[in-house]
Amino acid sequence: MQIICGQDSFKNASSSIWWRDILKVSNVSYNPLTIDPIVSNCKFIVGNGFNTPFWESCWWNNGILKEVFPDLFLASSLKKVSVAVMGGLSNGSWKWGDLGISVVGRDSVFLNSFSVLKDILDNFGSLNDAKDYTVWLLDMEKGYTVASCYGSYASRRIPFGPPIKGEEAFNLIWKAEVPFKIKAFGWRLFLNRLPTKDLLVYRGMNFTNANLNCVFCDSHVEEADHLFFKCIVIKLVWKEIASWVGFSGWEEEECIPFFVEWHSLSRCTKVKSGKLGVFWLATTWIVWLTRNGICFKNEVWNINNMVWSIKFLVWRWSSYGNITHSNCCFYDFYKDPLSFMS
């Protein structure tokens with residue numbers, strides 16, 4: 001299978017949005033003469049030479065000219081042009097030009113490189129009337145596939161990029177046996193994308209200084225880490241839930257480390273893998289619902305109601321996934337929650 005690499009195939013406005021996004025990630029335009037690194041994985045078969053980048057594509061058998069002759073590339077005034085531009089017909093035969101390079105005043109090393117390149121071009125032969133086309137070097141048998149292209153980008157970018165903070169936590173939260181909207185809520189909390197007051201101010205919403213404060217303690221600006229983990233009122237909620245499940249010694253007060261710490265709680269109690277993050281998600285979800293009720297409905301709240309709501313929610317979620325105790329009543333579950341999740 002061959003992939004055609006004509007200019008229209010890259011600039012077509014009806015092309016896939018995913019393809020257009022890939023080109024944006026590559027910081028390139030829809031001009032095939034500037035495509036990189038897609039072009040670096042293609043072998044260009046030259047016909048008329050109009051759609052084959054001269055310096056930056058693999059059309060010569062021994063590599064990309066830009067990489068083999070970097071001094072000549074830097075000296076050329078014709079860097080972003082096609083093969084066809086570098087020559088023309090003279091008396092019915094193809095002749096290569098000066099490649100946009102002035103050799104006046106150059107040293108012997110440069111002149112030798114220029115002579116070698118001219119010999120390569122002369123041995124290449126003439127262009128013809130056929131259209132240029134490409135073959136996909138990553139899979140010569142099947143040709144271009146999205147999977148092979150994605151693998152190429154992954155190998156270029158992922159190993160050399162910064163590590164994703166809390167990558168383990170992002171993987172774990174999607175495995176939790178809770179409603180999908182709760183997983184999405186936890187994911188947004190990890191990314192600090194919930195509409196807490198500090199972020200709303202950052203987005204242009206006006207608050208008085210008093211209204212910016214946490215609705216529970218009224219002594220600190222409402223931000224995610226404070227609202228869910230550092231507030232003195234919410235710490236009491238966490239303490240009650242920790243006592244309920246027999247978890248002690250937790251220290252973290254930042255979102256992702258706090259989740260990982262609580263997630264590890266159940267590993268030593270033989271709780272199912274899908275239930276490991278349930279207590280953390282239930283607690284943060286009830287804190288968020290209570291906060292919204294105070295902000296938007298002027299609801300009355302107290303710590304005991306929040307704690308009981310969390311316990312009831314965990315009981316409801318105990319039936320998600322593979323049900324081990326389908327007839328578990330809340331009273332039995334309340335006495336020993338971990339045993340019903342093992």
# chains A, B, ... in the order shown; residues from 1 in each chain; ligands from 1
>>> residues_around(residues="range 222-228 of chain A", least_positions_apart="3", cutoff="6 Å", atoms="only C-alpha atoms", output="JSON, numbers by chain")
{"A": [196, 197, 198, 213, 214, 231, 254]}
>>> select_by_dssp(residues="range 96-331 of chain A", states="alpha helix (DSSP H)", output="ChimeraX atom specification")
/A:108-124,146-157,167-173,180-190,197-202,224-225,232-245,255-263,278-297,303-317,330-331
>>> write_last_selection(atoms="C-alpha atoms", output="mmCIF file, in the first residue's frame")
data_model
loop_
_atom_site.group_PDB
_atom_site.id
_atom_site.type_symbol
_atom_site.label_atom_id
_atom_site.label_comp_id
_atom_site.auth_asym_id
_atom_site.auth_seq_id
_atom_site.Cartn_x
_atom_site.Cartn_y
_atom_site.Cartn_z
ATOM 1 C CA SER A 108 38.172 23.471 0.254
ATOM 2 C CA VAL A 109 36.020 21.350 2.598
ATOM 3 C CA PHE A 110 32.885 23.206 1.556
ATOM 4 C CA LEU A 111 33.780 22.986 -2.124
ATOM 5 C CA ASN A 112 34.391 19.264 -1.792
ATOM 6 C CA SER A 113 30.961 18.748 -0.181
ATOM 7 C CA PHE A 114 29.334 20.770 -2.948
ATOM 8 C CA SER A 115 31.112 18.691 -5.594
ATOM 9 C CA VAL A 116 29.991 15.438 -3.949
ATOM 10 C CA LEU A 117 26.362 16.600 -3.858
ATOM 11 C CA LYS A 118 26.478 17.650 -7.525
ATOM 12 C CA ASP A 119 27.814 14.206 -8.434
ATOM 13 C CA ILE A 120 24.964 12.581 -6.496
ATOM 14 C CA LEU A 121 22.407 14.659 -8.371
ATOM 15 C CA ASP A 122 23.987 13.989 -11.757
ATOM 16 C CA ASN A 123 23.896 10.238 -11.056
ATOM 17 C CA PHE A 124 20.272 10.461 -9.948
ATOM 18 C CA VAL A 146 -2.727 5.354 12.160
ATOM 19 C CA ALA A 147 -1.257 2.930 14.697
ATOM 20 C CA SER A 148 2.237 3.121 13.207
ATOM 21 C CA CYS A 149 2.051 6.913 12.991
ATOM 22 C CA TYR A 150 0.866 7.176 16.596
ATOM 23 C CA GLY A 151 3.669 4.853 17.695
ATOM 24 C CA SER A 152 6.175 7.108 15.982
ATOM 25 C CA TYR A 153 4.881 10.212 17.755
ATOM 26 C CA ALA A 154 4.764 8.397 21.085
ATOM 27 C CA SER A 155 8.383 7.291 20.784
ATOM 28 C CA ARG A 156 9.454 10.829 19.896
ATOM 29 C CA ARG A 157 7.540 12.722 22.549
ATOM 30 C CA GLU A 167 0.233 9.303 36.593
ATOM 31 C CA GLU A 168 -0.518 6.292 38.805
ATOM 32 C CA ALA A 169 -3.461 8.109 40.382
ATOM 33 C CA PHE A 170 -4.956 8.983 36.986
ATOM 34 C CA ASN A 171 -4.855 5.325 36.025
ATOM 35 C CA LEU A 172 -6.366 4.166 39.315
ATOM 36 C CA ILE A 173 -9.286 6.564 39.416
ATOM 37 C CA PHE A 180 -18.844 7.454 35.796
ATOM 38 C CA LYS A 181 -19.687 11.025 36.782
ATOM 39 C CA ILE A 182 -17.819 10.464 40.055
ATOM 40 C CA LYS A 183 -14.734 9.282 38.182
ATOM 41 C CA ALA A 184 -14.962 12.396 36.001
ATOM 42 C CA PHE A 185 -15.329 14.536 39.118
ATOM 43 C CA GLY A 186 -12.194 12.998 40.654
ATOM 44 C CA TRP A 187 -10.294 13.454 37.400
ATOM 45 C CA ARG A 188 -11.222 17.158 37.326
ATOM 46 C CA LEU A 189 -10.172 17.491 40.952
ATOM 47 C CA PHE A 190 -6.775 15.962 40.110
ATOM 48 C CA LYS A 197 -13.701 30.444 43.916
ATOM 49 C CA ASP A 198 -10.006 31.092 43.308
ATOM 50 C CA LEU A 199 -10.300 29.725 39.758
ATOM 51 C CA LEU A 200 -13.503 31.653 39.094
ATOM 52 C CA VAL A 201 -11.680 34.856 40.033
ATOM 53 C CA TYR A 202 -8.859 33.870 37.711
ATOM 54 C CA ALA A 224 -9.182 23.029 45.883
ATOM 55 C CA ASP A 225 -6.524 21.735 48.282
ATOM 56 C CA ILE A 232 -9.996 22.448 59.757
ATOM 57 C CA VAL A 233 -13.668 21.496 59.410
ATOM 58 C CA ILE A 234 -13.086 19.064 56.557
ATOM 59 C CA LYS A 235 -10.167 17.500 58.434
ATOM 60 C CA LEU A 236 -12.686 16.475 61.090
ATOM 61 C CA VAL A 237 -14.764 14.787 58.390
ATOM 62 C CA TRP A 238 -11.733 12.882 57.131
ATOM 63 C CA LYS A 239 -10.880 11.907 60.709
ATOM 64 C CA GLU A 240 -14.348 10.405 61.216
ATOM 65 C CA ILE A 241 -14.188 8.420 57.964
ATOM 66 C CA ALA A 242 -10.654 7.250 58.737
ATOM 67 C CA SER A 243 -11.799 6.043 62.144
ATOM 68 C CA TRP A 244 -14.750 4.228 60.526
ATOM 69 C CA VAL A 245 -12.503 2.208 58.214
ATOM 70 C CA CYS A 255 -4.898 16.162 46.200
ATOM 71 C CA ILE A 256 -3.042 13.463 44.278
ATOM 72 C CA PRO A 257 -0.681 12.304 47.086
ATOM 73 C CA PHE A 258 -3.683 12.263 49.425
ATOM 74 C CA PHE A 259 -5.620 10.040 47.013
ATOM 75 C CA VAL A 260 -2.682 7.648 46.614
ATOM 76 C CA GLU A 261 -2.251 7.465 50.396
ATOM 77 C CA TRP A 262 -5.908 6.647 50.971
ATOM 78 C CA HIS A 263 -5.913 4.275 48.025
ATOM 79 C CA VAL A 278 -14.247 4.564 46.925
ATOM 80 C CA PHE A 279 -13.887 6.155 50.388
ATOM 81 C CA TRP A 280 -11.792 9.020 49.039
ATOM 82 C CA LEU A 281 -14.153 9.701 46.140
ATOM 83 C CA ALA A 282 -17.259 9.534 48.338
ATOM 84 C CA THR A 283 -15.771 11.983 50.830
ATOM 85 C CA THR A 284 -14.663 14.538 48.263
ATOM 86 C CA TRP A 285 -17.987 14.247 46.404
ATOM 87 C CA ILE A 286 -20.054 14.922 49.538
ATOM 88 C CA VAL A 287 -17.792 17.846 50.465
ATOM 89 C CA TRP A 288 -18.396 19.303 47.004
ATOM 90 C CA LEU A 289 -22.170 18.761 47.121
ATOM 91 C CA THR A 290 -22.350 20.327 50.586
ATOM 92 C CA ARG A 291 -20.288 23.296 49.476
ATOM 93 C CA ASN A 292 -22.578 23.859 46.467
ATOM 94 C CA GLY A 293 -25.665 23.592 48.661
ATOM 95 C CA ILE A 294 -24.299 26.296 50.957
ATOM 96 C CA CYS A 295 -23.261 28.576 48.070
ATOM 97 C CA PHE A 296 -26.341 28.288 45.884
ATOM 98 C CA LYS A 297 -29.199 27.152 48.140
ATOM 99 C CA ILE A 303 -20.311 17.578 60.201
ATOM 100 C CA ASN A 304 -22.454 14.648 61.373
ATOM 101 C CA ASN A 305 -24.748 14.925 58.363
ATOM 102 C CA MET A 306 -21.753 14.999 56.021
ATOM 103 C CA VAL A 307 -20.210 11.912 57.645
ATOM 104 C CA TRP A 308 -23.459 9.937 57.471
ATOM 105 C CA SER A 309 -23.982 10.987 53.860
ATOM 106 C CA ILE A 310 -20.510 9.688 52.978
ATOM 107 C CA LYS A 311 -21.152 6.351 54.699
ATOM 108 C CA PHE A 312 -24.524 5.961 52.998
ATOM 109 C CA LEU A 313 -22.977 6.791 49.616
ATOM 110 C CA VAL A 314 -20.199 4.219 50.044
ATOM 111 C CA TRP A 315 -22.871 1.636 50.931
ATOM 112 C CA ARG A 316 -24.794 2.448 47.756
ATOM 113 C CA TRP A 317 -21.615 2.136 45.691
ATOM 114 C CA PHE A 330 -26.811 -0.568 55.662
ATOM 115 C CA TYR A 331 -26.653 -1.548 59.347
#
>>> closest_residue(among="A:Leu138, A:Leu127, A:Ala84, A:Leu72", to="Gly100 in chain A", atoms="only C-alpha atoms")
A:Leu72
>>> atom_distance(atom1="CA of Lys272 in chain A", atom2="CA of Trp250 in chain A")
20.8 Å
>>> closest_residue(among="A:Gly49, A:Gly97, A:Gly274, A:Gly63", to="Glu177 in chain A", atoms="only C-alpha atoms")
A:Gly274
>>> closest_residue(among="A:Tyr144, A:Phe69, A:Trp174, A:Trp55", to="Ser82 in chain A", atoms="only C-alpha atoms")
A:Trp55
>>> atom_distance(atom1="CA of Phe207 in chain A", atom2="CA of Asn192 in chain A")
19.6 Å
>>> closest_residue(among="A:Ser126, A:Asn62, A:Thr208, A:Ser76", to="Lys95 in chain A", atoms="only C-alpha atoms")
A:Ser126
>>> select_by_dssp(residues="range 69-303 of chain A", states="strand (DSSP E)", output="number ranges by chain")
A: 87-90, 93-96, 133-136
>>> residues_around(residues="Asn61 in chain A", least_positions_apart="3", cutoff="10 Å", atoms="only C-alpha atoms", output="VMD selection string")
chain A and resid 43 to 44 58 64 124
>>> write_last_selection(atoms="C-alpha atoms", output="PDB file, in the first residue's frame")
ATOM      1  CA  LYS A  43      10.366   7.442   1.235  1.00  0.00           C
ATOM      2  CA  PHE A  44       9.632   9.828  -1.616  1.00  0.00           C
ATOM      3  CA  CYS A  58      14.101  11.037   2.116  1.00  0.00           C
ATOM      4  CA  ILE A  64      18.057  13.197   3.876  1.00  0.00           C
ATOM      5  CA  PHE A 124      20.272  10.461  -9.948  1.00  0.00           C
TER       6      PHE A 124
END
>>> atom_distance(atom1="CA of Leu78 in chain A", atom2="CA of Asp129 in chain A")
22.9 Å
>>> residues_around(residues="Asp132 in chain A", least_positions_apart="6", cutoff="6 Å", atoms="only C-alpha atoms", output="short mmCIF file (atom, residue, chain, number, x, y, z; two decimals) with N, CA, C and O atoms, in the first residue's frame")
data_model
loop_
_atom_site.label_atom_id
_atom_site.label_comp_id
_atom_site.auth_asym_id
_atom_site.auth_seq_id
_atom_site.Cartn_x
_atom_site.Cartn_y
_atom_site.Cartn_z
N ILE A 45 9.23 8.85 -3.76
CA ILE A 45 9.58 8.37 -5.10
C ILE A 45 9.35 9.53 -6.06
O ILE A 45 8.21 9.95 -6.27
N VAL A 46 10.43 10.05 -6.62
CA VAL A 46 10.35 11.28 -7.39
C VAL A 46 9.90 11.00 -8.82
O VAL A 46 10.42 10.11 -9.49
N GLY A 47 8.88 11.76 -9.24
CA GLY A 47 8.44 11.74 -10.62
C GLY A 47 8.77 13.09 -11.23
O GLY A 47 9.87 13.31 -11.75
#
